[in-house]
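Just below is one structure, and these are the notes that go with it.
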Amino acid sequence: MTHFTADVELRVADTIKTRQMIVPQDRVAVALSGGKDSTALLLLLHRLLPEGEDVRLIAITIDEGIAGYREETIQSAEQLTGRLGIEHHCISFTGLFGDSLDAFLTGRETQACSICGIMRKKALAVGARRAGATKLATGHNLDDEAQSVLMNVFRSDLPRLVRNSSVDSSGKFIPRIKPLSRISEKEIATYLMLNDAWSELPECPYTRYAMRREVRSLLSGFEYKHPGTMLHLMESKEKIERYGKGSVISEPLRSCRECGDPCSGDLCQVCLLRQSLDR
Amino acid sequence: MRLILSDRDVRVFEHSPAPVEQILLEEGINPLEVIVSRDGKLLSEDTVILASDEVRIIRIAHGG
């Protein structure tokens, strides 16, 4: 079983190296929810990042304000960063947007994951900027990434399918990196279990409304019957990304006319959301 | 054997001994969506479970 741990660490190190995700002098903000993926990400980066290259890790936790759910994962994040000696910042939706996610979602529960996703992305960007980060690392795993490919196809959202936020040549946003994007959800859970870092945490109460839940079940069924399906989806995305480079499906990066944040339209997602929520 | 699920539900599996993968499939569980342990130790899918065993089936997919 130690071979398993070594294999996962080798593959993550390889992803980081071949995609040049982290370079000397980087200050890497890790989005740490306290759940399994971000816990594994922080543990792996803490183990893998070479000493002497002056790469610094900072953890950022977003408190969306989801009663009965977030408290436990925040506690888990605090314990982990304390144990590893990593600087930890917490940003709340209430502090940033004026109210909790629960309050924003009253009567809009079916849109929970879309609304939360937009706000959380903004909160993470703010947290990373405040911490002086040069990279923002998220715990998206192979399952998450393959699900996103399929969901973008289902929604016929080609611009989002080919969007690449890992490189920012314009200096408009902090590049986002996904070092676990080639490690499956099951491998992450196994890695944590073998390294005494697994803890069972509550499930987000809004998950039941998510389209992702249906896609997850569909895709894991395919992966079980046809191993390699998820990797093939990722390869397809990368091919489309290459073919679509510079074409009309790659939307140019613009600045939101309200807040100035980078976006693809006239207004960024957060400002559009604020308008629709009348906030 | 006794199967303890993530929601603390307990089921009795009659067709033992049987490998982990077969138990999961007969229970309608995709083996990719869970990890299985016995006495706190992780089990691979080919591990054979005996009638006297108690195993935990832990769902790994969370989030939205």
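Just so we're on the same page: first chain in the structure tokens is A, next is B, and so on; residues restart at 1 for each chain, and ligands are numbered from 1 in the order they show up.
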- Message: Tell me as an MDAnalysis selection string which residues belonging to chain B come within 9 Å of chain A, counting only C-alpha atoms.
- Response: chainID B and resid 6 30:35 41:42 58 60:64
Can you spit out the residues from that selection as a PDB file, in the first residue's frame, using N, CA and C atoms?
ATOM      1  N   SER B   6     -22.662   4.526   5.136  1.00  0.00           N
ATOM      2  CA  SER B   6     -22.311   5.890   5.568  1.00  0.00           C
ATOM      3  C   SER B   6     -23.405   6.559   6.378  1.00  0.00           C
ATOM      4  N   ASN B  30     -21.810   1.367  -6.786  1.00  0.00           N
ATOM      5  CA  ASN B  30     -20.677   1.442  -7.710  1.00  0.00           C
ATOM      6  C   ASN B  30     -19.382   1.452  -6.884  1.00  0.00           C
ATOM      7  N   PRO B  31     -18.494   0.468  -7.085  1.00  0.00           N
ATOM      8  CA  PRO B  31     -17.264   0.404  -6.276  1.00  0.00           C
ATOM      9  C   PRO B  31     -16.397   1.663  -6.367  1.00  0.00           C
ATOM     10  N   LEU B  32     -16.576   2.463  -7.426  1.00  0.00           N
ATOM     11  CA  LEU B  32     -15.778   3.690  -7.554  1.00  0.00           C
ATOM     12  C   LEU B  32     -16.260   4.792  -6.620  1.00  0.00           C
ATOM     13  N   GLU B  33     -17.454   4.622  -6.063  1.00  0.00           N
ATOM     14  CA  GLU B  33     -18.025   5.698  -5.245  1.00  0.00           C
ATOM     15  C   GLU B  33     -17.862   5.472  -3.740  1.00  0.00           C
ATOM     16  N   VAL B  34     -17.200   4.382  -3.384  1.00  0.00           N
ATOM     17  CA  VAL B  34     -17.044   4.085  -1.945  1.00  0.00           C
ATOM     18  C   VAL B  34     -15.647   3.536  -1.637  1.00  0.00           C
ATOM     19  N   ILE B  35     -15.295   3.597  -0.356  1.00  0.00           N
ATOM     20  CA  ILE B  35     -14.157   2.815   0.113  1.00  0.00           C
ATOM     21  C   ILE B  35     -14.699   1.889   1.207  1.00  0.00           C
ATOM     22  N   LYS B  41      -9.215  -0.864   8.785  1.00  0.00           N
ATOM     23  CA  LYS B  41      -8.230  -1.077   7.712  1.00  0.00           C
ATOM     24  C   LYS B  41      -8.931  -1.078   6.357  1.00  0.00           C
ATOM     25  N   LEU B  42      -8.310  -0.378   5.417  1.00  0.00           N
ATOM     26  CA  LEU B  42      -8.855  -0.288   4.075  1.00  0.00           C
ATOM     27  C   LEU B  42      -8.783  -1.640   3.362  1.00  0.00           C
ATOM     28  N   ILE B  58     -18.007   3.266   3.009  1.00  0.00           N
ATOM     29  CA  ILE B  58     -17.969   4.729   3.196  1.00  0.00           C
ATOM     30  C   ILE B  58     -18.111   5.428   1.844  1.00  0.00           C
ATOM     31  N   ILE B  60     -17.676   8.238  -0.771  1.00  0.00           N
ATOM     32  CA  ILE B  60     -16.615   9.244  -0.860  1.00  0.00           C
ATOM     33  C   ILE B  60     -17.027  10.507  -1.605  1.00  0.00           C
ATOM     34  N   ALA B  61     -18.086  10.410  -2.393  1.00  0.00           N
ATOM     35  CA  ALA B  61     -18.469  11.568  -3.209  1.00  0.00           C
ATOM     36  C   ALA B  61     -19.269  12.562  -2.384  1.00  0.00           C
ATOM     37  N   HIS B  62     -18.693  13.751  -2.207  1.00  0.00           N
ATOM     38  CA  HIS B  62     -19.389  14.804  -1.474  1.00  0.00           C
ATOM     39  C   HIS B  62     -19.347  16.086  -2.277  1.00  0.00           C
ATOM     40  N   GLY B  63     -20.036  17.059  -1.798  1.00  0.00           N
ATOM     41  CA  GLY B  63     -19.971  18.375  -2.443  1.00  0.00           C
ATOM     42  C   GLY B  63     -21.072  18.562  -3.451  1.00  0.00           C
ATOM     43  N   GLY B  64     -20.987  19.668  -4.200  1.00  0.00           N
ATOM     44  CA  GLY B  64     -22.090  20.004  -5.080  1.00  0.00           C
ATOM     45  C   GLY B  64     -21.685  20.167  -6.515  1.00  0.00           C
TER      46      GLY B  64
END
- Task: From segment 173-279 of chain A, collect each residue whose DSSP state is strand (DSSP E or B) and return the set as a ChimeraX atom specification.
- Result: /A:176-177,254-255,262-263
Residues from last step as file, C-alpha atoms, as a PDB file, in the first residue's frame:
ATOM      1  CA  ARG A 176      -5.560  28.840 -10.955  1.00  0.00           C
ATOM      2  CA  ILE A 177      -3.856  25.474 -10.830  1.00  0.00           C
ATOM      3  CA  ARG A 254     -12.580  41.807 -20.758  1.00  0.00           C
ATOM      4  CA  SER A 255     -13.098  43.883 -17.611  1.00  0.00           C
ATOM      5  CA  PRO A 262     -11.841  40.053 -15.459  1.00  0.00           C
ATOM      6  CA  CYS A 263     -14.791  38.532 -17.316  1.00  0.00           C
TER       7      CYS A 263
END
- Selection: 7 Å around segment 46-51 of chain B, only C-alpha atoms, excl. self and same-chain fewer than 3 positions, as a PyMOL selection string: chain B and resi 1+16-21+43
- Please identify all polymer residues within 12 Å of Arg11 of chain B, counting only C-alpha atoms, omitting same-chain residues fewer than 2 positions from it, and present them as a list in words.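 Residues meeting the cut-off are Met1, Arg2, Leu3, Ile4, Leu5, Ser6, Asp7, Arg8, Asp9, Phe13, Glu14, Ile23, Leu24, Glu27, Glu54, Val55, Arg56 and Ile57 of chain B.
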Convert the current residue selection to file output with N, CA and C atoms, as a PDB file, in the first residue's frame.
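Resulting contents of selection_37.pdb:
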ATOM      1  N   MET B   1     -22.665 -11.606   6.944  1.00  0.00           N
ATOM      2  CA  MET B   1     -21.829 -10.489   7.378  1.00  0.00           C
ATOM      3  C   MET B   1     -22.683  -9.228   7.512  1.00  0.00           C
ATOM      4  N   ARG B   2     -22.160  -8.307   8.326  1.00  0.00           N
ATOM      5  CA  ARG B   2     -22.896  -7.050   8.516  1.00  0.00           C
ATOM      6  C   ARG B   2     -22.214  -5.944   7.730  1.00  0.00           C
ATOM      7  N   LEU B   3     -23.027  -5.162   7.011  1.00  0.00           N
ATOM      8  CA  LEU B   3     -22.513  -4.028   6.250  1.00  0.00           C
ATOM      9  C   LEU B   3     -23.003  -2.749   6.928  1.00  0.00           C
ATOM     10  N   ILE B   4     -22.061  -1.889   7.294  1.00  0.00           N
ATOM     11  CA  ILE B   4     -22.457  -0.612   7.903  1.00  0.00           C
ATOM     12  C   ILE B   4     -22.252   0.485   6.863  1.00  0.00           C
ATOM     13  N   LEU B   5     -23.318   1.167   6.508  1.00  0.00           N
ATOM     14  CA  LEU B   5     -23.253   2.175   5.450  1.00  0.00           C
ATOM     15  C   LEU B   5     -22.973   3.569   6.032  1.00  0.00           C
ATOM     16  N   SER B   6     -22.662   4.526   5.136  1.00  0.00           N
ATOM     17  CA  SER B   6     -22.311   5.890   5.568  1.00  0.00           C
ATOM     18  C   SER B   6     -23.405   6.559   6.378  1.00  0.00           C
ATOM     19  N   ASP B   7     -24.653   6.234   6.063  1.00  0.00           N
ATOM     20  CA  ASP B   7     -25.753   6.859   6.812  1.00  0.00           C
ATOM     21  C   ASP B   7     -26.101   6.064   8.079  1.00  0.00           C
ATOM     22  N   ARG B   8     -25.166   5.197   8.491  1.00  0.00           N
ATOM     23  CA  ARG B   8     -25.303   4.363   9.709  1.00  0.00           C
ATOM     24  C   ARG B   8     -26.328   3.247   9.553  1.00  0.00           C
ATOM     25  N   ASP B   9     -26.889   3.122   8.375  1.00  0.00           N
ATOM     26  CA  ASP B   9     -27.819   2.035   8.110  1.00  0.00           C
ATOM     27  C   ASP B   9     -27.015   0.718   8.163  1.00  0.00           C
ATOM     28  N   PHE B  13     -25.629  -9.116   4.748  1.00  0.00           N
ATOM     29  CA  PHE B  13     -25.377  -9.694   3.428  1.00  0.00           C
ATOM     30  C   PHE B  13     -25.309 -11.215   3.589  1.00  0.00           C
ATOM     31  N   GLU B  14     -26.174 -11.903   2.873  1.00  0.00           N
ATOM     32  CA  GLU B  14     -26.345 -13.353   3.102  1.00  0.00           C
ATOM     33  C   GLU B  14     -25.353 -14.234   2.340  1.00  0.00           C
ATOM     34  N   ILE B  23     -19.913  -7.937  -3.350  1.00  0.00           N
ATOM     35  CA  ILE B  23     -20.874  -7.460  -2.332  1.00  0.00           C
ATOM     36  C   ILE B  23     -21.438  -6.106  -2.750  1.00  0.00           C
ATOM     37  N   LEU B  24     -20.530  -5.216  -3.166  1.00  0.00           N
ATOM     38  CA  LEU B  24     -20.964  -3.863  -3.545  1.00  0.00           C
ATOM     39  C   LEU B  24     -21.929  -3.915  -4.721  1.00  0.00           C
ATOM     40  N   GLU B  27     -25.258  -5.082  -3.843  1.00  0.00           N
ATOM     41  CA  GLU B  27     -25.984  -4.076  -3.053  1.00  0.00           C
ATOM     42  C   GLU B  27     -26.335  -2.852  -3.898  1.00  0.00           C
ATOM     43  N   GLU B  54     -17.604  -7.776   9.865  1.00  0.00           N
ATOM     44  CA  GLU B  54     -18.414  -6.554   9.804  1.00  0.00           C
ATOM     45  C   GLU B  54     -17.592  -5.541   9.015  1.00  0.00           C
ATOM     46  N   VAL B  55     -18.155  -5.026   7.941  1.00  0.00           N
ATOM     47  CA  VAL B  55     -17.392  -4.070   7.132  1.00  0.00           C
ATOM     48  C   VAL B  55     -18.139  -2.739   7.027  1.00  0.00           C
ATOM     49  N   ARG B  56     -17.352  -1.678   6.879  1.00  0.00           N
ATOM     50  CA  ARG B  56     -17.940  -0.340   6.710  1.00  0.00           C
ATOM     51  C   ARG B  56     -17.828   0.072   5.254  1.00  0.00           C
ATOM     52  N   ILE B  57     -18.915   0.567   4.704  1.00  0.00           N
ATOM     53  CA  ILE B  57     -18.922   1.061   3.328  1.00  0.00           C
ATOM     54  C   ILE B  57     -19.063   2.571   3.397  1.00  0.00           C
TER      55      ILE B  57
END
- Task: Would you mind listing what lies within 9 Å of Leu219 of chain A as an MDAnalysis selection string, with only C-alpha atoms counted and same-chain residues fewer than 5 positions away left out?
- Result: chainID A and resid 143 146:147 150 214 224 229:230
What are the DSSP alpha helix (DSSP H) residues of segment 26-162 of chain A, as a PDB file with C-alpha atoms, in the first residue's frame?
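To be explicit, this is the file written out as part31.pdb:
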ATOM      1  CA  LYS A  36     -11.226  15.465   1.378  1.00  0.00           C
ATOM      2  CA  ASP A  37      -9.917  16.942  -1.888  1.00  0.00           C
ATOM      3  CA  SER A  38      -8.505  20.158  -0.474  1.00  0.00           C
ATOM      4  CA  THR A  39      -7.104  18.300   2.541  1.00  0.00           C
ATOM      5  CA  ALA A  40      -5.276  15.916   0.210  1.00  0.00           C
ATOM      6  CA  LEU A  41      -4.088  18.825  -1.923  1.00  0.00           C
ATOM      7  CA  LEU A  42      -2.583  20.689   1.026  1.00  0.00           C
ATOM      8  CA  LEU A  43      -0.944  17.530   2.391  1.00  0.00           C
ATOM      9  CA  LEU A  44       0.491  16.644  -1.016  1.00  0.00           C
ATOM     10  CA  LEU A  45       1.804  20.138  -1.751  1.00  0.00           C
ATOM     11  CA  HIS A  46       3.299  20.333   1.731  1.00  0.00           C
ATOM     12  CA  ARG A  47       5.125  17.052   1.066  1.00  0.00           C
ATOM     13  CA  LEU A  48       6.082  17.647  -2.544  1.00  0.00           C
ATOM     14  CA  ARG A  70     -19.506  24.387   7.171  1.00  0.00           C
ATOM     15  CA  GLU A  71     -18.646  24.553  10.889  1.00  0.00           C
ATOM     16  CA  GLU A  72     -17.142  21.048  10.961  1.00  0.00           C
ATOM     17  CA  THR A  73     -15.089  21.431   7.782  1.00  0.00           C
ATOM     18  CA  ILE A  74     -13.698  24.800   8.933  1.00  0.00           C
ATOM     19  CA  GLN A  75     -12.631  23.181  12.182  1.00  0.00           C
ATOM     20  CA  SER A  76     -10.955  20.401  10.195  1.00  0.00           C
ATOM     21  CA  ALA A  77      -9.149  23.016   8.037  1.00  0.00           C
ATOM     22  CA  GLU A  78      -7.939  24.869  11.137  1.00  0.00           C
ATOM     23  CA  GLN A  79      -6.599  21.677  12.691  1.00  0.00           C
ATOM     24  CA  LEU A  80      -4.753  20.715   9.498  1.00  0.00           C
ATOM     25  CA  THR A  81      -3.093  24.089   8.940  1.00  0.00           C
ATOM     26  CA  GLY A  82      -2.178  24.238  12.640  1.00  0.00           C
ATOM     27  CA  ARG A  83      -0.561  20.790  12.432  1.00  0.00           C
ATOM     28  CA  LEU A  84       1.365  21.641   9.253  1.00  0.00           C
ATOM     29  CA  PHE A  93     -19.650  35.487   2.483  1.00  0.00           C
ATOM     30  CA  THR A  94     -21.192  37.682   5.190  1.00  0.00           C
ATOM     31  CA  GLY A  95     -18.013  39.762   5.422  1.00  0.00           C
ATOM     32  CA  LEU A  96     -17.562  39.997   1.649  1.00  0.00           C
ATOM     33  CA  PHE A  97     -21.100  40.054   0.267  1.00  0.00           C
ATOM     34  CA  LEU A 101     -25.305  31.813   1.412  1.00  0.00           C
ATOM     35  CA  ASP A 102     -28.315  30.440   3.288  1.00  0.00           C
ATOM     36  CA  ALA A 103     -29.842  33.945   3.260  1.00  0.00           C
ATOM     37  CA  PHE A 104     -29.038  34.517  -0.434  1.00  0.00           C
ATOM     38  CA  ALA A 112     -27.626  26.797  -5.024  1.00  0.00           C
ATOM     39  CA  CYS A 113     -24.534  25.375  -6.716  1.00  0.00           C
ATOM     40  CA  SER A 114     -24.438  27.982  -9.510  1.00  0.00           C
ATOM     41  CA  ILE A 115     -24.857  30.888  -7.086  1.00  0.00           C
ATOM     42  CA  CYS A 116     -22.430  29.467  -4.536  1.00  0.00           C
ATOM     43  CA  GLY A 117     -19.876  28.658  -7.261  1.00  0.00           C
ATOM     44  CA  ILE A 118     -19.845  32.240  -8.561  1.00  0.00           C
ATOM     45  CA  MET A 119     -19.560  33.773  -5.093  1.00  0.00           C
ATOM     46  CA  ARG A 120     -16.980  31.290  -3.866  1.00  0.00           C
ATOM     47  CA  LYS A 121     -14.801  31.891  -6.922  1.00  0.00           C
ATOM     48  CA  LYS A 122     -14.853  35.627  -6.212  1.00  0.00           C
ATOM     49  CA  ALA A 123     -14.163  35.070  -2.489  1.00  0.00           C
ATOM     50  CA  LEU A 124     -11.186  32.867  -3.302  1.00  0.00           C
ATOM     51  CA  ALA A 125      -9.798  35.428  -5.724  1.00  0.00           C
ATOM     52  CA  VAL A 126     -10.134  38.137  -3.077  1.00  0.00           C
ATOM     53  CA  GLY A 127      -8.509  35.899  -0.454  1.00  0.00           C
ATOM     54  CA  ALA A 128      -5.634  34.987  -2.754  1.00  0.00           C
ATOM     55  CA  ARG A 129      -5.077  38.633  -3.687  1.00  0.00           C
ATOM     56  CA  ARG A 130      -5.112  39.737  -0.042  1.00  0.00           C
ATOM     57  CA  LEU A 142     -10.170  13.871 -12.237  1.00  0.00           C
ATOM     58  CA  ASP A 143     -13.842  13.102 -11.533  1.00  0.00           C
ATOM     59  CA  ASP A 144     -14.645  16.809 -11.020  1.00  0.00           C
ATOM     60  CA  GLU A 145     -12.853  17.800 -14.190  1.00  0.00           C
ATOM     61  CA  ALA A 146     -14.425  15.089 -16.336  1.00  0.00           C
ATOM     62  CA  GLN A 147     -17.872  15.969 -14.919  1.00  0.00           C
ATOM     63  CA  SER A 148     -17.297  19.616 -15.868  1.00  0.00           C
ATOM     64  CA  VAL A 149     -16.401  18.638 -19.436  1.00  0.00           C
ATOM     65  CA  LEU A 150     -19.594  16.626 -19.763  1.00  0.00           C
ATOM     66  CA  MET A 151     -21.750  19.328 -18.144  1.00  0.00           C
ATOM     67  CA  ASN A 152     -20.353  21.983 -20.497  1.00  0.00           C
ATOM     68  CA  VAL A 153     -21.143  19.717 -23.446  1.00  0.00           C
ATOM     69  CA  PHE A 154     -24.661  19.074 -22.123  1.00  0.00           C
ATOM     70  CA  LEU A 158     -18.147  25.759 -25.669  1.00  0.00           C
ATOM     71  CA  PRO A 159     -16.448  28.944 -24.380  1.00  0.00           C
ATOM     72  CA  ARG A 160     -16.447  27.516 -20.869  1.00  0.00           C
ATOM     73  CA  LEU A 161     -15.296  24.138 -22.151  1.00  0.00           C
ATOM     74  CA  VAL A 162     -12.145  25.620 -23.692  1.00  0.00           C
TER      75      VAL A 162
END
